[in-house]
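Student: Got structure-v9.csv for you, CSV, C-alpha atoms:
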chain,number,residue,atom,x,y,z
A,9,MET,CA,42.2,-29.3,-44.2
A,10,VAL,CA,39.0,-30.8,-45.4
A,11,LEU,CA,40.1,-34.2,-44.3
A,12,GLN,CA,41.0,-32.8,-40.9
A,13,ILE,CA,37.5,-31.3,-40.5
A,14,ILE,CA,35.9,-34.6,-41.5
A,15,LEU,CA,38.1,-36.5,-39.0
A,16,LEU,CA,37.4,-34.1,-36.2
A,17,SER,CA,33.6,-34.2,-37.0
A,18,GLY,CA,33.8,-38.0,-36.9
A,19,LEU,CA,35.6,-37.8,-33.5
A,20,VAL,CA,32.8,-35.6,-32.0
A,21,LEU,CA,30.1,-37.7,-33.7
A,22,PHE,CA,31.4,-41.0,-32.4
A,23,SER,CA,31.9,-39.5,-28.9
A,24,VAL,CA,28.3,-38.3,-29.0
A,25,LEU,CA,27.2,-41.8,-30.1
A,26,ALA,CA,29.3,-43.4,-27.3
A,27,ILE,CA,27.3,-41.4,-24.8
A,28,LEU,CA,23.8,-41.7,-26.3
A,29,LEU,CA,23.8,-45.4,-27.4
A,30,ARG,CA,21.9,-47.5,-24.8
A,31,ASP,CA,23.9,-50.7,-25.5
A,32,LEU,CA,27.2,-50.5,-23.6
A,33,ILE,CA,29.1,-52.7,-26.0
A,34,LYS,CA,28.1,-50.4,-28.9
A,35,SER,CA,29.1,-47.4,-26.8
A,36,ALA,CA,32.6,-48.9,-26.2
A,37,ILE,CA,33.0,-49.6,-29.9
A,38,SER,CA,32.0,-46.0,-30.7
A,39,LEU,CA,34.6,-44.8,-28.3
A,40,ALA,CA,37.2,-46.9,-30.0
A,41,LEU,CA,36.2,-45.4,-33.4
A,42,ALA,CA,36.5,-41.9,-31.9
A,43,SER,CA,40.0,-42.8,-30.8
A,44,LEU,CA,40.8,-44.1,-34.3
A,45,CYS,CA,39.7,-40.7,-35.7
A,46,LEU,CA,41.8,-38.9,-33.1
A,47,GLY,CA,44.8,-41.1,-33.9
A,48,ILE,CA,44.5,-40.3,-37.7
A,49,VAL,CA,44.3,-36.6,-36.8
A,50,PHE,CA,47.5,-37.0,-34.8
A,51,PHE,CA,49.2,-38.6,-37.8
A,52,GLN,CA,48.0,-35.6,-39.9
A,53,MET,CA,49.6,-33.3,-37.4
A,54,LYS,CA,53.0,-35.0,-38.0
A,55,ALA,CA,52.9,-36.7,-34.6
A,56,PRO,CA,53.2,-40.4,-35.6
A,57,TYR,CA,54.2,-41.7,-32.1
A,58,ALA,CA,51.2,-40.1,-30.4
A,59,GLY,CA,49.0,-41.5,-33.2
A,60,VAL,CA,50.4,-45.0,-32.8
A,61,PHE,CA,49.9,-44.8,-29.0
A,62,GLU,CA,46.3,-43.4,-29.4
A,63,ILE,CA,45.3,-46.1,-31.8
A,64,SER,CA,47.0,-49.1,-30.2
A,65,VAL,CA,46.6,-48.3,-26.5
A,66,VAL,CA,43.4,-46.1,-26.3
A,67,ALA,CA,41.5,-47.7,-29.2
A,68,GLY,CA,42.8,-51.2,-28.5
A,69,LEU,CA,43.7,-51.8,-24.9
A,70,ILE,CA,41.2,-49.5,-23.2
A,71,THR,CA,38.3,-50.8,-25.4
A,72,VAL,CA,39.2,-54.4,-24.5
A,73,LEU,CA,39.2,-53.3,-20.8
A,74,PHE,CA,35.8,-51.7,-21.2
A,75,ILE,CA,34.3,-54.7,-23.0
A,76,LEU,CA,35.7,-57.0,-20.3
A,77,THR,CA,34.1,-54.9,-17.6
A,78,ILE,CA,30.8,-54.8,-19.4
A,79,ALA,CA,30.9,-58.6,-19.8
A,80,LEU,CA,31.7,-59.1,-16.1
A,81,THR,CA,28.9,-56.7,-14.9
A,82,LYS,CA,26.3,-57.7,-17.4
A,83,ALA,CA,24.5,-60.1,-15.0
A,84,GLU,CA,23.4,-57.1,-12.9
A,85,GLY,CA,21.0,-55.9,-15.5
A,86,GLU,CA,20.6,-52.6,-17.3
A,87,VAL,CA,20.4,-49.2,-15.6
A,88,ARG,CA,17.5,-47.1,-16.7
A,89,GLU,CA,18.8,-43.7,-17.7
A,90,SER,CA,16.5,-40.7,-17.3
A,91,LYS,CA,14.6,-39.9,-20.5
A,92,ALA,CA,15.1,-36.2,-19.9
A,93,ALA,CA,18.9,-36.7,-20.5
A,94,PHE,CA,18.3,-37.9,-24.0
A,95,ILE,CA,15.7,-35.3,-24.8
A,96,ILE,CA,17.7,-32.4,-23.5
A,97,PHE,CA,21.0,-33.5,-25.1
A,98,PRO,CA,20.2,-32.3,-28.8
A,99,LEU,CA,19.1,-28.9,-27.5
A,100,PHE,CA,22.1,-28.6,-25.3
A,101,PHE,CA,24.5,-29.7,-28.0
A,102,VAL,CA,23.1,-27.4,-30.7
A,103,ALA,CA,23.1,-24.5,-28.3
A,104,PHE,CA,26.7,-25.3,-27.4
A,105,LEU,CA,27.8,-25.6,-31.0
A,106,VAL,CA,26.3,-22.2,-31.9
A,107,LEU,CA,28.0,-20.6,-28.9
A,108,ASP,CA,31.2,-22.4,-29.7
A,109,ILE,CA,31.2,-21.2,-33.3
A,110,LEU,CA,30.3,-17.6,-32.3
A,111,VAL,CA,33.1,-17.5,-29.6
A,112,MET,CA,35.7,-18.9,-32.0
A,113,LYS,CA,34.6,-16.5,-34.8
A,114,GLY,CA,34.9,-13.6,-32.3
A,115,LEU,CA,38.3,-14.8,-31.2
A,116,MET,CA,39.6,-15.3,-34.7
A,117,ALA,CA,40.5,-11.7,-35.3
A,118,LYS,CA,41.6,-11.0,-31.7
A,119,VAL,CA,43.8,-13.8,-30.7
A,120,PRO,CA,47.3,-13.1,-32.0
A,121,ALA,CA,49.2,-15.9,-33.8
A,122,LEU,CA,50.9,-18.0,-31.3
A,123,PRO,CA,54.6,-17.2,-31.2
A,124,ALA,CA,56.3,-20.1,-32.9
A,125,THR,CA,59.3,-21.5,-31.1
A,126,PRO,CA,60.3,-24.2,-33.6
A,127,GLU,CA,62.5,-27.1,-32.4
A,128,PRO,CA,66.0,-27.1,-33.7
A,129,GLY,CA,66.3,-29.1,-36.9
A,130,GLY,CA,67.6,-32.7,-36.6
A,131,LEU,CA,66.1,-33.1,-33.1
A,132,LYS,CA,64.5,-36.6,-32.8
A,133,PHE,CA,61.5,-37.7,-30.7
A,134,GLY,CA,63.7,-40.0,-28.7
A,135,ASP,CA,66.0,-37.1,-27.7
A,136,VAL,CA,63.0,-35.0,-26.5
A,137,LEU,CA,61.4,-37.9,-24.6
A,138,TRP,CA,64.6,-39.3,-22.9
A,139,LYS,CA,66.6,-36.1,-22.4
A,140,GLN,CA,64.1,-33.3,-21.9
A,141,ARG,CA,61.3,-35.2,-20.2
A,142,THR,CA,63.2,-37.7,-18.2
A,143,PHE,CA,61.3,-36.9,-15.0
A,144,ASP,CA,58.0,-37.7,-16.9
A,145,LEU,CA,59.3,-41.2,-17.6
A,146,VAL,CA,59.9,-41.8,-13.9
A,147,GLY,CA,56.4,-40.5,-13.2
A,148,GLN,CA,55.0,-42.9,-15.9
A,149,VAL,CA,56.7,-45.9,-14.3
A,150,LEU,CA,55.4,-44.9,-10.9
A,151,VAL,CA,51.9,-44.4,-12.2
A,152,ILE,CA,51.9,-47.8,-13.9
A,153,LEU,CA,53.2,-49.5,-10.7
A,154,ALA,CA,50.5,-47.7,-8.7
A,155,GLY,CA,47.8,-48.9,-11.2
A,156,VAL,CA,49.1,-52.5,-11.0
A,157,PHE,CA,49.1,-52.5,-7.2
A,158,ALA,CA,45.7,-50.9,-7.1
A,159,VAL,CA,44.2,-53.6,-9.4
A,160,LEU,CA,46.0,-56.4,-7.4
A,161,ALA,CA,44.6,-54.9,-4.1
A,162,LEU,CA,41.1,-54.7,-5.6
A,163,PHE,CA,41.0,-58.2,-6.8
A,164,ARG,CA,42.9,-60.0,-4.0
A,165,LYS,CA,41.4,-63.2,-2.6
A,166,ARG,CA,39.7,-62.7,0.7
A,167,ASN,CA,40.5,-65.0,3.6
A,168,LYS,CA,37.7,-67.0,5.1
A,169,ASP,CA,37.9,-64.9,8.3
A,170,GLU,CA,37.3,-61.6,6.6
B,11,MET,CA,48.2,-20.9,-38.0
B,12,SER,CA,46.1,-19.3,-35.4
B,13,ASN,CA,42.9,-20.1,-37.2
B,14,THR,CA,43.8,-23.7,-37.5
B,15,TRP,CA,44.5,-23.7,-33.7
B,16,LEU,CA,41.1,-22.2,-33.0
B,17,LEU,CA,39.5,-24.9,-35.2
B,18,TYR,CA,41.1,-27.6,-33.0
B,19,MET,CA,40.1,-25.7,-29.9
B,20,ALA,CA,36.4,-25.5,-31.1
B,21,PHE,CA,36.3,-29.3,-31.6
B,22,ALA,CA,38.1,-29.9,-28.3
B,23,ALA,CA,35.5,-27.7,-26.5
B,24,GLY,CA,32.8,-29.8,-28.1
B,25,LEU,CA,34.3,-33.0,-26.8
B,26,LEU,CA,34.6,-31.4,-23.3
B,27,ALA,CA,31.0,-30.3,-23.4
B,28,VAL,CA,29.8,-33.8,-24.4
B,29,GLY,CA,31.8,-35.4,-21.6
B,30,VAL,CA,30.6,-33.0,-19.0
B,31,TYR,CA,27.0,-33.5,-20.1
B,32,CYS,CA,27.5,-37.2,-19.8
B,33,LEU,CA,28.9,-36.9,-16.3
B,34,LEU,CA,26.0,-34.6,-15.2
B,35,SER,CA,23.1,-36.6,-16.7
B,36,MET,CA,23.9,-40.3,-16.9
B,37,ARG,CA,23.4,-42.9,-14.1
B,38,ASN,CA,25.3,-45.9,-15.4
B,39,LEU,CA,28.8,-46.1,-13.9
B,40,ILE,CA,30.4,-47.4,-17.1
B,41,LYS,CA,28.7,-44.6,-19.1
B,42,LEU,CA,30.0,-42.0,-16.6
B,43,PHE,CA,33.5,-43.4,-17.2
B,44,ILE,CA,33.0,-43.2,-21.0
B,45,GLY,CA,32.3,-39.5,-20.4
B,46,ILE,CA,35.6,-39.1,-18.6
B,47,GLU,CA,37.3,-40.8,-21.6
B,48,VAL,CA,35.6,-38.4,-24.0
B,49,ILE,CA,36.9,-35.5,-21.9
B,50,SER,CA,40.4,-37.0,-21.9
B,51,LYS,CA,40.3,-37.1,-25.8
B,52,GLY,CA,39.6,-33.4,-25.8
B,53,VAL,CA,42.5,-32.7,-23.5
B,54,SER,CA,45.0,-34.7,-25.7
B,55,LEU,CA,43.7,-32.9,-28.8
B,56,VAL,CA,44.3,-29.5,-27.0
B,57,LEU,CA,47.8,-30.6,-26.0
B,58,LEU,CA,48.9,-31.7,-29.5
B,59,ALA,CA,47.1,-28.9,-31.4
B,60,THR,CA,48.9,-26.3,-29.3
B,61,GLY,CA,52.3,-28.0,-29.8
B,62,PHE,CA,51.5,-28.2,-33.6
B,63,ALA,CA,50.6,-24.5,-33.7
B,64,ARG,CA,53.8,-23.5,-32.0
B,65,GLY,CA,56.0,-25.8,-34.0
B,66,ASN,CA,56.7,-27.9,-30.9
B,67,VAL,CA,55.3,-31.2,-32.1
B,68,LEU,CA,57.9,-33.4,-30.5
B,69,LEU,CA,57.5,-32.0,-27.0
B,70,ALA,CA,53.7,-32.1,-27.4
B,71,GLN,CA,53.9,-35.8,-28.5
B,72,SER,CA,55.9,-36.7,-25.4
B,73,LEU,CA,53.3,-35.0,-23.2
B,74,VAL,CA,50.5,-36.8,-25.0
B,75,ILE,CA,52.2,-40.1,-24.6
B,76,THR,CA,52.6,-39.4,-20.8
B,77,PHE,CA,49.0,-38.5,-20.7
B,78,ILE,CA,47.9,-41.7,-22.4
B,79,VAL,CA,50.0,-43.9,-20.0
B,80,VAL,CA,48.4,-42.1,-17.0
B,81,GLU,CA,45.0,-42.6,-18.7
B,82,VAL,CA,45.5,-46.4,-19.1
B,83,SER,CA,46.5,-46.7,-15.4
B,84,LEU,CA,43.4,-44.7,-14.4
B,85,VAL,CA,41.1,-46.8,-16.6
B,86,ALA,CA,42.4,-50.1,-15.2
B,87,THR,CA,42.0,-48.9,-11.6
B,88,ALA,CA,38.6,-47.3,-12.2
B,89,LEU,CA,37.2,-50.3,-14.0
B,90,ALA,CA,38.4,-52.6,-11.2
B,91,ILE,CA,36.6,-50.3,-8.7
B,92,ILE,CA,33.5,-50.4,-10.8
B,93,ILE,CA,33.5,-54.2,-10.9
B,94,ASN,CA,34.0,-54.3,-7.1
B,95,ILE,CA,31.1,-51.8,-6.6
B,96,THR,CA,28.9,-53.9,-8.8
B,97,ARG,CA,29.7,-57.0,-6.7
B,98,HIS,CA,28.7,-55.1,-3.5
B,99,THR,CA,25.6,-53.2,-4.7
B,100,LYS,CA,24.5,-55.7,-7.4
B,101,SER,CA,23.9,-52.8,-9.7
B,102,LEU,CA,25.7,-50.4,-12.0
B,103,ASP,CA,23.4,-47.5,-10.9
B,104,VAL,CA,25.3,-44.6,-9.4
B,105,ARG,CA,22.2,-43.7,-7.3
B,106,LYS,CA,22.6,-46.8,-5.3
B,107,LEU,CA,26.0,-45.7,-3.9
B,108,THR,CA,24.4,-44.0,-0.9
B,109,LYS,CA,26.2,-45.8,1.9
B,110,LEU,CA,28.1,-42.6,2.8
B,111,ARG,CA,25.1,-40.4,2.7
B,112,GLY,CA,24.6,-38.6,6.0
Go ahead and render the structure in this file as structure tokens.
Tutor:
Amino acid sequence: MVLQIILLSGLVLFSVLAILLRDLIKSAISLALASLCLGIVFFQMKAPYAGVFEISVVAGLITVLFILTIALTKAEGEVRESKAAFIIFPLFFVAFLVLDILVMKGLMAKVPALPATPEPGGLKFGDVLWKQRTFDLVGQVLVILAGVFAVLALFRKRNKDE
Amino acid sequence: MSNTWLLYMAFAAGLLAVGVYCLLSMRNLIKLFIGIEVISKGVSLVLLATGFARGNVLLAQSLVITFIVVEVSLVATALAIIINITRHTKSLDVRKLTKLRG
């Protein structure tokens, strides 16, 4: 449990750093570290497939895409963020944390334990993904295709007439 | 089990708050998108934590994986749009996207 709390705190801390750091590359790396923490939390929750996806795809692939975009847009110079955003953030975050803790403490006694509906023993992840969520897989394929076509359309070469 | 679930919810709410603050206060397009990513981390934490609390980890895992696939597609498209916007406006500043302003 202590490890979980440390990992979850790391997740929130790196997310905050990703937002507050002025250097975009450092922000992207902080985001990857946050993903890494989340992936380990997934492993702790006995969800290894989700953990592997989180670490390899989100911490790996998405970070590479972010760094690529930052490199491609670096020539345009930095954007000056408003100073108020950085000054107000600690106040906002502390106030939110206090509120969050108070609300969760209040709910602790009131929310009944979620009714557990355990999966039948011997059920494998593949069975759930391929048999119960078949329609999701079709959706995933369509979403990936939509993404590929969108990127192709956005980066197509323009004719001289256009 | 309920207390553990509430702990995860508390951290997920923190992530959501950080992401929403970023969306409301930042001006850099890439930073705004990092905010969306932070929110999506909170959402996947909520999905898996609820599955874990109810003893439905396998189903929650498959939902999280679907979510991650959708997220990757979204990121690729959005970053391509950001690169195109930067080529047109020569800046990453969201305040310069005023062409549609009436």
Student: Define the interface residues of chain A facing chain B as those within 7 Å, counting all atoms listed in the file, and report them as a ChimeraX atom specification.
Tutor: /A:16,20,23-24,27,53,55,57-58,61,70,77,81,84,87,89,93,108,112,116,121-127,133,136-137,144,148,151-152,155,158-159,162
Student: Put those residues in a file: C-alpha atoms, as a tab-separated table (two decimals), in the frame of the given file.
Tutor:
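Below you can see again11.tsv, which holds the result:
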chain	number	residue	atom	x	y	z
A	16	LEU	CA	37.40	-34.10	-36.20
A	20	VAL	CA	32.80	-35.60	-32.00
A	23	SER	CA	31.90	-39.50	-28.90
A	24	VAL	CA	28.30	-38.30	-29.00
A	27	ILE	CA	27.30	-41.40	-24.80
A	53	MET	CA	49.60	-33.30	-37.40
A	55	ALA	CA	52.90	-36.70	-34.60
A	57	TYR	CA	54.20	-41.70	-32.10
A	58	ALA	CA	51.20	-40.10	-30.40
A	61	PHE	CA	49.90	-44.80	-29.00
A	70	ILE	CA	41.20	-49.50	-23.20
A	77	THR	CA	34.10	-54.90	-17.60
A	81	THR	CA	28.90	-56.70	-14.90
A	84	GLU	CA	23.40	-57.10	-12.90
A	87	VAL	CA	20.40	-49.20	-15.60
A	89	GLU	CA	18.80	-43.70	-17.70
A	93	ALA	CA	18.90	-36.70	-20.50
A	108	ASP	CA	31.20	-22.40	-29.70
A	112	MET	CA	35.70	-18.90	-32.00
A	116	MET	CA	39.60	-15.30	-34.70
A	121	ALA	CA	49.20	-15.90	-33.80
A	122	LEU	CA	50.90	-18.00	-31.30
A	123	PRO	CA	54.60	-17.20	-31.20
A	124	ALA	CA	56.30	-20.10	-32.90
A	125	THR	CA	59.30	-21.50	-31.10
A	126	PRO	CA	60.30	-24.20	-33.60
A	127	GLU	CA	62.50	-27.10	-32.40
A	133	PHE	CA	61.50	-37.70	-30.70
A	136	VAL	CA	63.00	-35.00	-26.50
A	137	LEU	CA	61.40	-37.90	-24.60
A	144	ASP	CA	58.00	-37.70	-16.90
A	148	GLN	CA	55.00	-42.90	-15.90
A	151	VAL	CA	51.90	-44.40	-12.20
A	152	ILE	CA	51.90	-47.80	-13.90
A	155	GLY	CA	47.80	-48.90	-11.20
A	158	ALA	CA	45.70	-50.90	-7.10
A	159	VAL	CA	44.20	-53.60	-9.40
A	162	LEU	CA	41.10	-54.70	-5.60
Student: Quick one: distance from atom CA of Pro128 of chain A to atom CA of Ser64 of chain A in Å, one decimal?
Tutor: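 These two atoms are separated by 29.3 Å.
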Student: As an exercise, work out the distance from atom CA of Thr71 of chain A to atom CA of Ala26 of chain A in Å and give it to one decimal place.
Tutor: 11.8 Å
Student: Would you mind reading off the distance between atom CA of Ile13 of chain A and atom CA of Val30 of chain B, one decimal, in Å?
Tutor: 22.6 Å
Student: Counting all atoms listed in the file, figure out which residue out of A:Leu15, A:Ile75, A:Val60, A:Ile95 gets nearest to Ala36 of chain A.
Tutor: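 That would be A:Ile75, the residue with the smallest distance to Ala36 of chain A.
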Student: Compile the contact shell of Cys45 of chain A as a list in words: residues with an atom at most 10 Å away, counting all atoms listed in the file, same-chain residues fewer than 2 positions apart removed.
Tutor: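 Once the adjacent positions are removed, what remains is Gln12, Ile14, Leu15, Leu16, Ser17, Gly18, Leu19, Val20, Phe22, Leu39, Ala40, Leu41, Ala42, Ser43, Gly47, Ile48, Val49, Phe50, Phe51, Gly59, Glu62, Ile63 and Ala67 of chain A.
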Student: Because the input lacks atoms here, generate N, CA and C atoms for segment 66-78 of chain A and report them as a PDB file, in the frame of the given file.
Tutor:
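File written: result05.pdb
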ATOM      1  N   VAL A  66      44.752 -46.637 -26.696  1.00  0.00           N
ATOM      2  CA  VAL A  66      43.400 -46.100 -26.300  1.00  0.00           C
ATOM      3  C   VAL A  66      42.331 -46.888 -27.108  1.00  0.00           C
ATOM      4  N   ALA A  67      42.526 -46.976 -28.461  1.00  0.00           N
ATOM      5  CA  ALA A  67      41.500 -47.700 -29.200  1.00  0.00           C
ATOM      6  C   ALA A  67      41.511 -49.161 -29.019  1.00  0.00           C
ATOM      7  N   GLY A  68      42.678 -49.716 -28.715  1.00  0.00           N
ATOM      8  CA  GLY A  68      42.800 -51.200 -28.500  1.00  0.00           C
ATOM      9  C   GLY A  68      42.611 -51.618 -27.112  1.00  0.00           C
ATOM     10  N   LEU A  69      43.622 -51.295 -26.297  1.00  0.00           N
ATOM     11  CA  LEU A  69      43.700 -51.800 -24.900  1.00  0.00           C
ATOM     12  C   LEU A  69      42.482 -51.348 -24.075  1.00  0.00           C
ATOM     13  N   ILE A  70      42.211 -50.045 -24.112  1.00  0.00           N
ATOM     14  CA  ILE A  70      41.200 -49.500 -23.200  1.00  0.00           C
ATOM     15  C   ILE A  70      39.783 -50.060 -23.653  1.00  0.00           C
ATOM     16  N   THR A  71      39.584 -50.235 -24.982  1.00  0.00           N
ATOM     17  CA  THR A  71      38.300 -50.800 -25.400  1.00  0.00           C
ATOM     18  C   THR A  71      38.162 -52.239 -24.920  1.00  0.00           C
ATOM     19  N   VAL A  72      39.272 -53.003 -24.962  1.00  0.00           N
ATOM     20  CA  VAL A  72      39.200 -54.400 -24.500  1.00  0.00           C
ATOM     21  C   VAL A  72      38.856 -54.362 -22.963  1.00  0.00           C
ATOM     22  N   LEU A  73      39.484 -53.445 -22.208  1.00  0.00           N
ATOM     23  CA  LEU A  73      39.200 -53.300 -20.800  1.00  0.00           C
ATOM     24  C   LEU A  73      37.700 -52.991 -20.548  1.00  0.00           C
ATOM     25  N   PHE A  74      37.187 -52.069 -21.374  1.00  0.00           N
ATOM     26  CA  PHE A  74      35.800 -51.700 -21.200  1.00  0.00           C
ATOM     27  C   PHE A  74      34.871 -52.888 -21.523  1.00  0.00           C
ATOM     28  N   ILE A  75      35.166 -53.612 -22.613  1.00  0.00           N
ATOM     29  CA  ILE A  75      34.300 -54.700 -23.000  1.00  0.00           C
ATOM     30  C   ILE A  75      34.356 -55.830 -21.932  1.00  0.00           C
ATOM     31  N   LEU A  76      35.555 -56.035 -21.379  1.00  0.00           N
ATOM     32  CA  LEU A  76      35.700 -57.000 -20.300  1.00  0.00           C
ATOM     33  C   LEU A  76      34.860 -56.632 -19.098  1.00  0.00           C
ATOM     34  N   THR A  77      34.914 -55.362 -18.733  1.00  0.00           N
ATOM     35  CA  THR A  77      34.100 -54.900 -17.600  1.00  0.00           C
ATOM     36  C   THR A  77      32.630 -55.045 -17.861  1.00  0.00           C
ATOM     37  N   ILE A  78      32.232 -54.696 -19.089  1.00  0.00           N
ATOM     38  CA  ILE A  78      30.800 -54.800 -19.400  1.00  0.00           C
ATOM     39  C   ILE A  78      30.363 -56.270 -19.340  1.00  0.00           C
TER      40      ILE A  78
END
